[in-house]
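Novice: Hey, dropping entry.cif in here, mmCIF, C-alpha atoms:
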```
data_start
#
loop_
_atom_site.group_PDB
_atom_site.id
_atom_site.type_symbol
_atom_site.label_atom_id
_atom_site.label_comp_id
_atom_site.auth_asym_id
_atom_site.auth_seq_id
_atom_site.Cartn_x
_atom_site.Cartn_y
_atom_site.Cartn_z
ATOM 1 C CA MET A 1 4.201 -28.243 28.983
ATOM 2 C CA SER A 2 2.580 -31.637 29.335
ATOM 3 C CA SER A 3 4.588 -34.743 28.613
ATOM 4 C CA PRO A 4 4.283 -36.087 25.056
ATOM 5 C CA SER A 5 1.851 -38.962 24.894
ATOM 6 C CA ALA A 6 2.955 -42.519 24.262
ATOM 7 C CA VAL A 7 3.678 -43.395 20.652
ATOM 8 C CA GLU A 8 0.545 -44.699 18.931
ATOM 9 C CA SER A 9 0.930 -47.390 16.320
ATOM 10 C CA PHE A 10 -0.213 -46.295 12.886
ATOM 11 C CA PRO A 11 -2.669 -48.776 11.319
ATOM 12 C CA ALA A 12 -1.142 -48.566 7.830
ATOM 13 C CA ASN A 13 1.204 -51.471 8.553
ATOM 14 C CA THR A 14 1.693 -52.741 4.998
ATOM 15 C CA SER A 15 3.220 -51.089 1.955
ATOM 16 C CA ALA A 16 -0.157 -51.150 0.189
ATOM 17 C CA ALA A 17 -1.891 -49.488 3.142
ATOM 18 C CA ALA A 18 0.824 -46.832 3.357
ATOM 19 C CA GLN A 19 0.521 -46.175 -0.380
ATOM 20 C CA ILE A 20 -3.258 -45.828 -0.099
ATOM 21 C CA PHE A 21 -3.008 -43.440 2.838
ATOM 22 C CA THR A 22 -0.400 -41.325 1.044
ATOM 23 C CA THR A 23 -2.557 -41.217 -2.099
ATOM 24 C CA VAL A 24 -5.577 -39.986 -0.146
ATOM 25 C CA LEU A 25 -3.424 -37.547 1.839
ATOM 26 C CA SER A 26 -1.866 -35.914 -1.215
ATOM 27 C CA GLN A 27 -4.671 -36.213 -3.776
ATOM 28 C CA GLY A 28 -7.894 -36.679 -1.802
ATOM 29 C CA PRO A 29 -10.746 -36.594 -1.196
ATOM 30 C CA LEU A 30 -11.206 -39.541 -3.555
ATOM 31 C CA THR A 31 -13.668 -42.361 -4.037
ATOM 32 C CA ARG A 32 -12.401 -45.836 -3.227
ATOM 33 C CA MET A 33 -12.508 -46.692 -6.919
ATOM 34 C CA GLU A 34 -10.349 -43.673 -7.737
ATOM 35 C CA VAL A 35 -7.918 -44.536 -4.933
ATOM 36 C CA ALA A 36 -7.550 -48.039 -6.411
ATOM 37 C CA ARG A 37 -6.947 -46.619 -9.884
ATOM 38 C CA ARG A 38 -4.332 -44.086 -8.785
ATOM 39 C CA ALA A 39 -2.550 -46.474 -6.456
ATOM 40 C CA GLY A 40 -2.637 -49.310 -9.000
ATOM 41 C CA LEU A 41 -4.273 -51.675 -6.516
ATOM 42 C CA SER A 42 -7.397 -53.795 -6.486
ATOM 43 C CA ALA A 43 -10.672 -52.595 -4.980
ATOM 44 C CA ALA A 44 -10.414 -55.390 -2.415
ATOM 45 C CA ALA A 45 -6.949 -54.190 -1.324
ATOM 46 C CA VAL A 46 -8.248 -50.648 -0.902
ATOM 47 C CA THR A 47 -11.218 -51.803 1.167
ATOM 48 C CA LYS A 48 -8.959 -53.920 3.387
ATOM 49 C CA ALA A 49 -6.552 -51.015 3.982
ATOM 50 C CA VAL A 50 -9.155 -48.277 4.403
ATOM 51 C CA ARG A 51 -11.214 -50.044 7.080
ATOM 52 C CA PRO A 52 -8.648 -49.885 9.957
ATOM 53 C CA LEU A 53 -7.668 -46.331 8.978
ATOM 54 C CA ILE A 54 -11.304 -45.247 9.264
ATOM 55 C CA GLU A 55 -11.733 -47.112 12.549
ATOM 56 C CA ALA A 56 -8.644 -45.361 13.957
ATOM 57 C CA GLY A 57 -9.916 -41.968 12.820
ATOM 58 C CA TYR A 58 -7.202 -41.214 10.283
ATOM 59 C CA LEU A 59 -9.579 -41.434 7.325
ATOM 60 C CA VAL A 60 -13.156 -40.201 7.062
ATOM 61 C CA GLU A 61 -15.687 -41.304 4.485
ATOM 62 C CA ASP A 62 -18.135 -38.613 3.369
ATOM 63 C CA VAL A 63 -21.156 -38.866 1.106
ATOM 64 C CA ASP A 64 -20.469 -37.190 -2.240
ATOM 65 C CA ALA A 65 -23.500 -34.928 -2.650
ATOM 66 C CA ASP A 66 -22.456 -34.041 -6.224
ATOM 67 C CA ALA A 67 -22.159 -37.639 -7.404
ATOM 68 C CA ARG A 68 -24.535 -38.719 -10.152
ATOM 69 C CA PRO A 69 -27.332 -41.030 -8.999
ATOM 70 C CA ALA A 70 -26.445 -44.620 -9.767
ATOM 71 C CA LEU A 71 -27.557 -48.118 -8.963
ATOM 72 C CA GLY A 72 -25.999 -49.796 -5.956
ATOM 73 C CA ARG A 73 -23.953 -48.255 -3.185
ATOM 74 C CA PRO A 74 -23.276 -44.484 -3.593
ATOM 75 C CA ALA A 75 -19.701 -43.395 -4.311
ATOM 76 C CA ASN A 76 -18.475 -41.885 -1.032
ATOM 77 C CA LEU A 77 -15.361 -39.728 -0.815
ATOM 78 C CA VAL A 78 -12.497 -40.770 1.440
ATOM 79 C CA ARG A 79 -10.341 -38.027 2.981
ATOM 80 C CA VAL A 80 -7.749 -37.616 5.705
ATOM 81 C CA ASP A 81 -8.912 -36.107 8.989
ATOM 82 C CA GLY A 82 -6.278 -33.409 9.418
ATOM 83 C CA GLY A 83 -7.112 -32.908 13.079
ATOM 84 C CA ARG A 84 -6.419 -36.539 13.991
ATOM 85 C CA ALA A 85 -2.786 -35.789 14.890
ATOM 86 C CA LEU A 86 -0.347 -32.893 15.041
ATOM 87 C CA PHE A 87 3.317 -32.700 14.124
ATOM 88 C CA ILE A 88 6.156 -30.310 14.876
ATOM 89 C CA GLY A 89 8.656 -29.332 12.210
ATOM 90 C CA VAL A 90 11.986 -27.621 12.876
ATOM 91 C CA LYS A 91 14.397 -26.256 10.279
ATOM 92 C CA VAL A 92 17.892 -25.198 11.311
ATOM 93 C CA THR A 93 19.535 -22.653 9.004
ATOM 94 C CA GLY A 94 22.831 -20.837 9.295
ATOM 95 C CA ASP A 95 21.319 -17.954 11.259
ATOM 96 C CA LYS A 96 17.943 -19.025 12.702
ATOM 97 C CA ILE A 97 15.731 -21.883 13.807
ATOM 98 C CA ILE A 98 12.217 -22.116 12.371
ATOM 99 C CA GLY A 99 9.517 -24.150 14.086
ATOM 100 C CA VAL A 100 5.962 -24.971 13.018
ATOM 101 C CA LEU A 101 3.029 -26.887 14.446
ATOM 102 C CA THR A 102 1.024 -28.568 11.678
ATOM 103 C CA ASP A 103 -1.939 -30.864 11.363
ATOM 104 C CA LEU A 104 -1.908 -34.198 9.574
ATOM 105 C CA CYS A 105 -2.582 -32.465 6.230
ATOM 106 C CA CYS A 106 0.480 -30.232 6.661
ATOM 107 C CA ARG A 107 -1.555 -27.093 7.363
ATOM 108 C CA ILE A 108 0.530 -24.770 9.526
ATOM 109 C CA LEU A 109 -1.305 -23.891 12.746
ATOM 110 C CA VAL A 110 1.469 -22.058 14.600
ATOM 111 C CA ALA A 111 4.850 -20.760 13.421
ATOM 112 C CA ARG A 112 7.801 -19.545 15.476
ATOM 113 C CA HIS A 113 11.386 -18.598 14.708
ATOM 114 C CA ILE A 114 14.339 -17.606 16.850
ATOM 115 C CA PRO A 115 17.834 -16.354 15.970
ATOM 116 C CA LEU A 116 20.667 -18.832 16.093
ATOM 117 C CA ALA A 117 23.023 -17.526 18.772
ATOM 118 C CA ALA A 118 25.650 -20.246 18.287
ATOM 119 C CA ARG A 119 26.126 -23.102 15.841
ATOM 120 C CA ASP A 120 27.607 -25.829 18.020
ATOM 121 C CA PRO A 121 25.292 -28.856 18.396
ATOM 122 C CA LYS A 122 24.671 -28.340 22.120
ATOM 123 C CA ALA A 123 23.557 -24.731 21.675
ATOM 124 C CA VAL A 124 21.403 -25.503 18.631
ATOM 125 C CA LEU A 125 19.772 -28.458 20.366
ATOM 126 C CA GLY A 126 19.018 -26.348 23.442
ATOM 127 C CA SER A 127 17.367 -23.600 21.392
ATOM 128 C CA ALA A 128 15.441 -26.105 19.259
ATOM 129 C CA THR A 129 14.190 -27.904 22.374
ATOM 130 C CA GLU A 130 12.857 -24.656 23.844
ATOM 131 C CA LEU A 131 11.087 -23.952 20.552
ATOM 132 C CA VAL A 132 9.545 -27.425 20.561
ATOM 133 C CA ARG A 133 8.340 -26.925 24.121
ATOM 134 C CA GLU A 134 6.565 -23.718 23.095
ATOM 135 C CA LEU A 135 4.836 -25.560 20.263
ATOM 136 C CA LEU A 136 3.864 -28.442 22.553
ATOM 137 C CA ILE A 137 2.120 -25.936 24.807
ATOM 138 C CA GLU A 138 0.210 -24.660 21.773
ATOM 139 C CA ALA A 139 -0.761 -28.251 20.932
ATOM 140 C CA ASP A 140 -2.014 -28.795 24.491
ATOM 141 C CA GLY A 141 -4.387 -25.886 23.973
ATOM 142 C CA LEU A 142 -5.810 -27.621 20.907
ATOM 143 C CA GLY A 143 -6.295 -30.881 22.790
ATOM 144 C CA VAL A 144 -4.594 -32.987 20.111
ATOM 145 C CA ARG A 145 -1.507 -35.113 20.637
ATOM 146 C CA VAL A 146 1.763 -34.400 18.827
ATOM 147 C CA ALA A 147 2.734 -37.555 16.964
ATOM 148 C CA GLY A 148 6.307 -36.667 16.098
ATOM 149 C CA LEU A 149 9.034 -34.157 15.361
ATOM 150 C CA GLY A 150 10.696 -33.640 11.993
ATOM 151 C CA MET A 151 13.996 -31.770 11.756
ATOM 152 C CA ALA A 152 15.554 -30.442 8.553
ATOM 153 C CA VAL A 153 19.217 -29.490 8.210
ATOM 154 C CA SER A 154 21.278 -28.597 5.165
ATOM 155 C CA GLY A 155 24.092 -30.862 4.072
ATOM 156 C CA ASP A 156 24.721 -34.600 4.085
ATOM 157 C CA VAL A 157 22.063 -36.157 6.332
ATOM 158 C CA ASP A 158 21.647 -39.889 6.926
ATOM 159 C CA ARG A 159 17.880 -40.122 7.406
ATOM 160 C CA ALA A 160 17.879 -43.815 8.316
ATOM 161 C CA GLU A 161 20.404 -43.301 11.116
ATOM 162 C CA GLY A 162 19.226 -39.808 12.090
ATOM 163 C CA VAL A 163 22.775 -38.486 11.790
ATOM 164 C CA VAL A 164 23.999 -35.237 10.243
ATOM 165 C CA ARG A 165 27.139 -36.479 8.499
ATOM 166 C CA TYR A 166 28.300 -33.044 7.376
ATOM 167 C CA SER A 167 26.612 -29.632 7.353
ATOM 168 C CA PRO A 168 28.886 -26.896 5.967
ATOM 169 C CA PHE A 169 26.777 -23.965 7.204
ATOM 170 C CA LEU A 170 26.631 -25.337 10.753
ATOM 171 C CA GLU A 171 30.129 -26.854 10.581
ATOM 172 C CA TRP A 172 28.800 -30.143 11.960
ATOM 173 C CA ARG A 173 30.225 -33.594 11.421
ATOM 174 C CA ASP A 174 28.626 -36.872 12.540
ATOM 175 C CA VAL A 175 26.051 -35.361 14.906
ATOM 176 C CA PRO A 176 23.390 -37.941 16.017
ATOM 177 C CA LEU A 177 20.687 -35.288 15.910
ATOM 178 C CA ALA A 178 17.644 -37.610 15.954
ATOM 179 C CA GLU A 179 18.842 -39.431 19.077
ATOM 180 C CA LEU A 180 19.753 -36.214 20.898
ATOM 181 C CA ALA A 181 16.485 -34.465 20.001
ATOM 182 C CA ALA A 182 14.416 -37.489 21.036
ATOM 183 C CA MET A 183 16.122 -37.442 24.439
ATOM 184 C CA THR A 184 15.445 -33.737 25.044
ATOM 185 C CA THR A 185 11.898 -33.540 23.635
ATOM 186 C CA GLY A 186 10.467 -36.988 24.363
ATOM 187 C CA LEU A 187 9.104 -37.200 20.809
ATOM 188 C CA PRO A 188 9.809 -39.615 17.947
ATOM 189 C CA VAL A 189 12.229 -37.722 15.706
ATOM 190 C CA THR A 190 12.976 -37.893 11.983
ATOM 191 C CA VAL A 191 15.940 -35.934 10.597
ATOM 192 C CA ASP A 192 16.445 -35.253 6.913
ATOM 193 C CA ASN A 193 18.196 -32.952 4.485
ATOM 194 C CA ASP A 194 16.194 -29.722 4.187
ATOM 195 C CA VAL A 195 15.851 -29.785 0.396
ATOM 196 C CA ARG A 196 14.853 -33.445 0.392
ATOM 197 C CA ALA A 197 12.204 -32.652 3.012
ATOM 198 C CA LEU A 198 10.951 -29.776 0.838
ATOM 199 C CA THR A 199 10.802 -32.145 -2.139
ATOM 200 C CA VAL A 200 8.551 -34.538 -0.211
ATOM 201 C CA ALA A 201 6.329 -31.596 0.758
ATOM 202 C CA GLU A 202 6.028 -30.535 -2.887
ATOM 203 C CA GLN A 203 5.306 -34.118 -3.917
ATOM 204 C CA TRP A 204 2.525 -34.568 -1.371
ATOM 205 C CA PHE A 205 1.051 -31.092 -1.022
ATOM 206 C CA GLY A 206 2.528 -28.717 -3.612
ATOM 207 C CA ALA A 207 3.425 -28.342 -7.261
ATOM 208 C CA GLY A 208 4.527 -31.962 -7.598
ATOM 209 C CA VAL A 209 1.212 -33.608 -6.657
ATOM 210 C CA GLY A 210 0.363 -36.235 -9.266
ATOM 211 C CA LEU A 211 3.703 -35.953 -11.109
ATOM 212 C CA SER A 212 5.872 -39.038 -11.496
ATOM 213 C CA GLY A 213 9.049 -37.020 -11.972
ATOM 214 C CA PHE A 214 10.187 -33.492 -11.157
ATOM 215 C CA ALA A 215 13.042 -31.517 -9.624
ATOM 216 C CA VAL A 216 13.002 -28.909 -6.868
ATOM 217 C CA VAL A 217 15.788 -26.316 -7.028
ATOM 218 C CA THR A 218 16.390 -23.953 -4.106
ATOM 219 C CA VAL A 219 18.469 -20.801 -4.330
ATOM 220 C CA GLY A 220 19.599 -19.051 -1.167
ATOM 221 C CA ALA A 221 22.724 -19.154 0.973
ATOM 222 C CA GLY A 222 23.378 -22.385 -0.912
ATOM 223 C CA ILE A 223 22.037 -24.189 -3.975
ATOM 224 C CA GLY A 224 20.010 -27.339 -3.434
ATOM 225 C CA CYS A 225 18.170 -29.806 -5.631
ATOM 226 C CA GLY A 226 15.673 -32.529 -4.829
ATOM 227 C CA LEU A 227 14.676 -35.191 -7.353
ATOM 228 C CA VAL A 228 11.583 -37.340 -7.777
ATOM 229 C CA VAL A 229 11.855 -40.155 -10.335
ATOM 230 C CA HIS A 230 9.048 -42.654 -10.990
ATOM 231 C CA GLY A 231 7.150 -41.258 -8.033
ATOM 232 C CA ARG A 232 9.974 -41.708 -5.517
ATOM 233 C CA VAL A 233 12.299 -39.173 -3.928
ATOM 234 C CA VAL A 234 15.814 -40.097 -4.996
ATOM 235 C CA ALA A 235 18.354 -40.130 -2.180
ATOM 236 C CA GLY A 236 21.207 -41.885 -3.976
ATOM 237 C CA ALA A 237 23.594 -44.520 -2.685
ATOM 238 C CA HIS A 238 25.046 -42.156 -0.081
ATOM 239 C CA GLY A 239 22.033 -39.906 0.494
ATOM 240 C CA VAL A 240 23.395 -36.923 -1.433
ATOM 241 C CA ALA A 241 21.629 -37.229 -4.806
ATOM 242 C CA GLY A 242 20.737 -33.767 -6.073
ATOM 243 C CA GLU A 243 23.501 -32.003 -4.138
ATOM 244 C CA ILE A 244 24.415 -29.762 -7.066
ATOM 245 C CA GLY A 245 25.780 -26.807 -5.080
ATOM 246 C CA HIS A 246 29.365 -27.958 -5.383
ATOM 247 C CA VAL A 247 29.278 -29.223 -8.944
ATOM 248 C CA THR A 248 32.010 -27.359 -10.849
ATOM 249 C CA VAL A 249 30.623 -25.537 -13.877
ATOM 250 C CA ASP A 250 33.607 -23.221 -14.448
ATOM 251 C CA PRO A 251 37.076 -24.419 -13.361
ATOM 252 C CA ALA A 252 38.349 -20.833 -13.724
ATOM 253 C CA GLY A 253 35.408 -19.324 -11.818
ATOM 254 C CA PRO A 254 35.328 -17.683 -8.394
ATOM 255 C CA ARG A 255 36.625 -19.497 -5.337
ATOM 256 C CA CYS A 256 33.943 -21.369 -3.384
ATOM 257 C CA HIS A 257 33.895 -21.691 0.405
ATOM 258 C CA CYS A 258 34.438 -25.440 -0.063
ATOM 259 C CA GLY A 259 37.887 -24.654 -1.520
ATOM 260 C CA ASN A 260 37.146 -25.419 -5.182
ATOM 261 C CA ARG A 261 36.610 -22.957 -8.008
ATOM 262 C CA GLY A 262 33.530 -22.369 -10.121
ATOM 263 C CA CYS A 263 30.987 -24.342 -8.076
ATOM 264 C CA VAL A 264 27.318 -23.612 -8.784
ATOM 265 C CA GLU A 265 27.101 -22.107 -5.280
ATOM 266 C CA ALA A 266 30.033 -19.771 -5.957
ATOM 267 C CA ILE A 267 28.223 -18.438 -9.020
ATOM 268 C CA ALA A 268 24.476 -18.547 -8.305
ATOM 269 C CA SER A 269 23.902 -18.396 -4.526
ATOM 270 C CA ASP A 270 22.465 -15.270 -2.858
ATOM 271 C CA ASP A 271 25.844 -13.924 -1.820
ATOM 272 C CA ALA A 272 27.429 -14.708 -5.184
ATOM 273 C CA ILE A 273 24.664 -12.916 -7.093
ATOM 274 C CA VAL A 274 24.893 -9.870 -4.809
ATOM 275 C CA ARG A 275 28.677 -9.783 -5.179
ATOM 276 C CA GLN A 276 28.470 -9.958 -8.972
ATOM 277 C CA MET A 277 25.767 -7.258 -9.134
ATOM 278 C CA ARG A 278 27.864 -4.944 -7.007
ATOM 279 C CA ALA A 279 30.855 -5.513 -9.260
ATOM 280 C CA ALA A 280 28.787 -4.881 -12.393
ATOM 281 C CA THR A 281 26.959 -1.774 -11.136
ATOM 282 C CA GLY A 282 29.610 -0.216 -8.927
ATOM 283 C CA SER A 283 27.023 0.042 -6.142
ATOM 284 C CA ARG A 284 27.163 -1.281 -2.605
ATOM 285 C CA TRP A 285 23.540 -2.360 -3.012
ATOM 286 C CA PRO A 286 21.674 -4.659 -3.112
ATOM 287 C CA THR A 287 21.571 -6.254 0.303
ATOM 288 C CA ARG A 288 19.171 -8.905 1.541
ATOM 289 C CA SER A 289 17.147 -6.192 3.272
ATOM 290 C CA ARG A 290 17.152 -3.637 0.435
ATOM 291 C CA PRO A 291 16.410 -4.165 -3.274
ATOM 292 C CA PRO A 292 18.794 -2.904 -5.926
ATOM 293 C CA ASP A 293 18.587 0.569 -7.479
ATOM 294 C CA TRP A 294 18.059 -0.472 -11.089
ATOM 295 C CA PRO A 295 19.059 2.095 -13.716
ATOM 296 C CA THR A 296 16.202 3.854 -15.514
ATOM 297 C CA THR A 297 17.875 3.260 -18.867
ATOM 298 C CA ALA A 298 19.418 0.085 -20.141
ATOM 299 C CA SER A 299 23.150 -0.181 -20.642
ATOM 300 C CA PRO A 300 25.462 -2.942 -21.828
ATOM 301 C CA ALA A 301 26.904 -3.284 -18.331
ATOM 302 C CA HIS A 302 23.497 -3.963 -16.828
ATOM 303 C CA GLY A 303 22.261 -6.108 -19.666
ATOM 304 C CA ARG A 304 24.981 -8.751 -19.744
ATOM 305 C CA SER A 305 25.491 -11.755 -17.537
ATOM 306 C CA THR A 306 27.608 -10.809 -14.543
ATOM 307 C CA HIS A 307 29.517 -14.053 -14.909
ATOM 308 C CA GLY A 308 30.514 -14.584 -18.493
ATOM 309 C CA ARG A 309 31.684 -18.196 -18.364
ATOM 310 C CA ALA A 310 28.631 -19.993 -17.014
ATOM 311 C CA THR A 311 25.061 -19.207 -16.051
ATOM 312 C CA PRO A 312 22.684 -21.250 -13.872
ATOM 313 C CA SER A 313 20.768 -22.403 -16.941
ATOM 314 C CA ALA A 314 23.948 -24.031 -18.224
ATOM 315 C CA VAL A 315 24.120 -26.374 -15.252
ATOM 316 C CA ALA A 316 21.367 -28.769 -16.335
ATOM 317 C CA SER A 317 18.277 -28.999 -18.459
ATOM 318 C CA PRO A 318 16.329 -31.929 -16.990
ATOM 319 C CA PRO A 319 13.391 -33.271 -19.009
ATOM 320 C CA TRP A 320 10.943 -32.749 -16.111
ATOM 321 C CA PRO A 321 9.193 -29.831 -14.448
ATOM 322 C CA ILE A 322 11.257 -27.725 -12.081
ATOM 323 C CA CYS A 323 9.772 -26.268 -8.904
ATOM 324 C CA SER A 324 11.962 -23.356 -7.887
ATOM 325 C CA ALA A 325 11.887 -22.003 -4.345
ATOM 326 C CA PRO A 326 14.030 -19.591 -2.321
ATOM 327 C CA ASN A 327 15.643 -20.872 0.846
ATOM 328 C CA ALA A 328 13.982 -19.606 4.032
#
```
Represent the structure from my file as structure tokens, please.
Specialist:
Amino acid sequence: MSSPSAVESFPANTSAAAQIFTTVLSQGPLTRMEVARRAGLSAAAVTKAVRPLIEAGYLVEDVDADARPALGRPANLVRVDGGRALFIGVKVTGDKIIGVLTDLCCRILVARHIPLAARDPKAVLGSATELVRELLIEADGLGVRVAGLGMAVSGDVDRAEGVVRYSPFLEWRDVPLAELAAMTTGLPVTVDNDVRALTVAEQWFGAGVGLSGFAVVTVGAGIGCGLVVHGRVVAGAHGVAGEIGHVTVDPAGPRCHCGNRGCVEAIASDDAIVRQMRAATGSRWPTRSRPPDWPTTASPAHGRSTHGRATPSAVASPPWPICSAPNA
């Protein structure tokens, strides 16, 4: 593995330039006029911001062959050059570590995953570092530098400080993950909550592109929710906005692993759903590796809600689109 290259300064050094780059990244290719309209900026501001980004190779301006002939300068399309830089992403779950090598446009070039042998920070960091080294070797073969490493962990994550305040699945408290990972990998590191990171991905590259407000709800070992309001991902005063997994929806409901009763997670997570289906059907199936044996004829037992007091739809009905995704 070659040593990571020195950190290169990104030419979008103003809020306007960053907004323009993000607009082109998530919604491009676009003409400069369209970039100005969508970003709510003047044409002069767009021209000033685009020039250094083109000179540095982050943006490319192509001739729009389909544009209608018009007087004056032709309307060229501006797009992001995805091959200008590579990034490594790592997600730590309760039982595995997932790593990907992506280009600047978030296209996955290489994916790897390894089982999580132990959950203590030292063991996780060691396994994650080995995974990053494998991906750096892949990047060397492509001849493009890796600009940074992003790490996603469930729980309360302080993105600004790079600290995992509390992760229930990993049983971590106050782990300075960004600092530790930067020391072992030599890369600039950003650490964030996994659902919040997914929300940004949906906002820039997925179902949330162009929407000013939406929610992402994940259902898996836990229940997560990411929120975008007025075009911004909402973190909240303490970085835990959208953490709905331990909102109590039924005080008399099943006991949650957090110690409370009737949390959303205790009712609607993977394990909770499987447990309720087994109780309702009298079967030891389903498991995560085998689908349920559904009855060929309907019956009242199979037709009713397995938890009579509250259902997931009773938790919230936000007035914005919901992007639902299973946890990896």
Novice: Go ahead and compute the interatomic distance for atom CA of A:Ser212 and atom CA of A:Val164, in Å to one decimal.
Specialist: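 According to the coordinates, atom CA of A:Ser212 and atom CA of A:Val164 are separated by 28.6 Å.
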Novice: Atom CA of A:Gly155 and atom CA of A:Ser167 are how many Å apart?
Specialist: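 Separation between atom CA of A:Gly155 and atom CA of A:Ser167: 4.3 Å.
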Novice: Run the PyMOL selection byres ((chain A and resi 104) around 7) mentally over the shown coordinates, then write out the matched residues as a ChimeraX atom specification, using the chain letters and numbers from the document.
Specialist: /A:82-86,102-103,105-106
Novice: Taking the file as shown, find all residues satisfying the PyMOL selection byres ((chain A and resi 225) around 8) and write them as a PyMOL selection string.
Specialist: chain A and resi 195-196+215-218+223-224+226-227+242-244
Novice: Residues within 9 Å of (7.1, -34.4, -5.8), file coordinates, counting all atoms listed in the file: what are they? Give the list as a list in words.
Specialist: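 Every polymer residue passing the test: Leu198, Thr199, Val200, Ala201, Glu202, Gln203, Trp204, Phe205, Gly206, Ala207, Gly208, Val209, Gly210, Leu211, Ser212, Gly213, Phe214, Ala215, Val216, Gly226, Leu227, Val228, Val229, Gly231, Arg232 and Val233 of chain A.
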Novice: So how many Å separate atom CA of A:His113 and atom CA of A:Leu142, to one decimal?
Specialist: 20.4 Å
Novice: So that I can check the surroundings of A:Leu187, please list as number ranges by chain every protein, DNA and RNA residue that reaches within 8 Å of it, counting only C-alpha atoms and ignoring chain neighbours fewer than 5 positions away.
Specialist: A: 4, 147-149, 181-182
Novice: Please expand the PyMOL selection byres ((chain A and resi 33) around 12) into the concrete residues it hits in this file, giving the result as a PyMOL selection string.
Specialist: chain A and resi 20+24+29-32+34-47+50+74-78
Novice: Just to be explicit: take each residue in the selection above, keep C-alpha atoms, and write the result as a CSV table (one decimal), in the frame of the given file.
Specialist:
```
chain,number,residue,atom,x,y,z
A,20,ILE,CA,-3.3,-45.8,-0.1
A,24,VAL,CA,-5.6,-40.0,-0.1
A,29,PRO,CA,-10.7,-36.6,-1.2
A,30,LEU,CA,-11.2,-39.5,-3.6
A,31,THR,CA,-13.7,-42.4,-4.0
A,32,ARG,CA,-12.4,-45.8,-3.2
A,34,GLU,CA,-10.3,-43.7,-7.7
A,35,VAL,CA,-7.9,-44.5,-4.9
A,36,ALA,CA,-7.6,-48.0,-6.4
A,37,ARG,CA,-6.9,-46.6,-9.9
A,38,ARG,CA,-4.3,-44.1,-8.8
A,39,ALA,CA,-2.6,-46.5,-6.5
A,40,GLY,CA,-2.6,-49.3,-9.0
A,41,LEU,CA,-4.3,-51.7,-6.5
A,42,SER,CA,-7.4,-53.8,-6.5
A,43,ALA,CA,-10.7,-52.6,-5.0
A,44,ALA,CA,-10.4,-55.4,-2.4
A,45,ALA,CA,-6.9,-54.2,-1.3
A,46,VAL,CA,-8.2,-50.6,-0.9
A,47,THR,CA,-11.2,-51.8,1.2
A,50,VAL,CA,-9.2,-48.3,4.4
A,74,PRO,CA,-23.3,-44.5,-3.6
A,75,ALA,CA,-19.7,-43.4,-4.3
A,76,ASN,CA,-18.5,-41.9,-1.0
A,77,LEU,CA,-15.4,-39.7,-0.8
A,78,VAL,CA,-12.5,-40.8,1.4
```
Novice: Can you work out which one of A:Pro168, A:Thr129, A:Asp250, A:Arg119 has the shortest atom-to-atom distance to A:Ile88, counting only C-alpha atoms?
Specialist: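 Comparing A:Pro168, A:Thr129, A:Asp250, A:Arg119 against A:Ile88, the winner is A:Thr129.
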Novice: Env of A:Pro176: 12 Å cut, atoms = all atoms listed in the file, seq-sep filter 5 positions within chain, self excluded. Answer as a count of residues only.
Specialist: 20
Novice: Write out as JSON, numbers by chain which residues come within 6 Å of stretch 264-274 of chain A when counting all atoms listed in the file, dropping same-chain ones fewer than 4 positions away.
Specialist: {"A": [219, 220, 221, 222, 223, 245, 246, 247, 256]}
Novice: Taking all atoms listed in the file into account, which of A:Tyr58, A:Glu130, A:Leu116, A:Ala197 comes nearest A:Val80?
Specialist: A:Tyr58
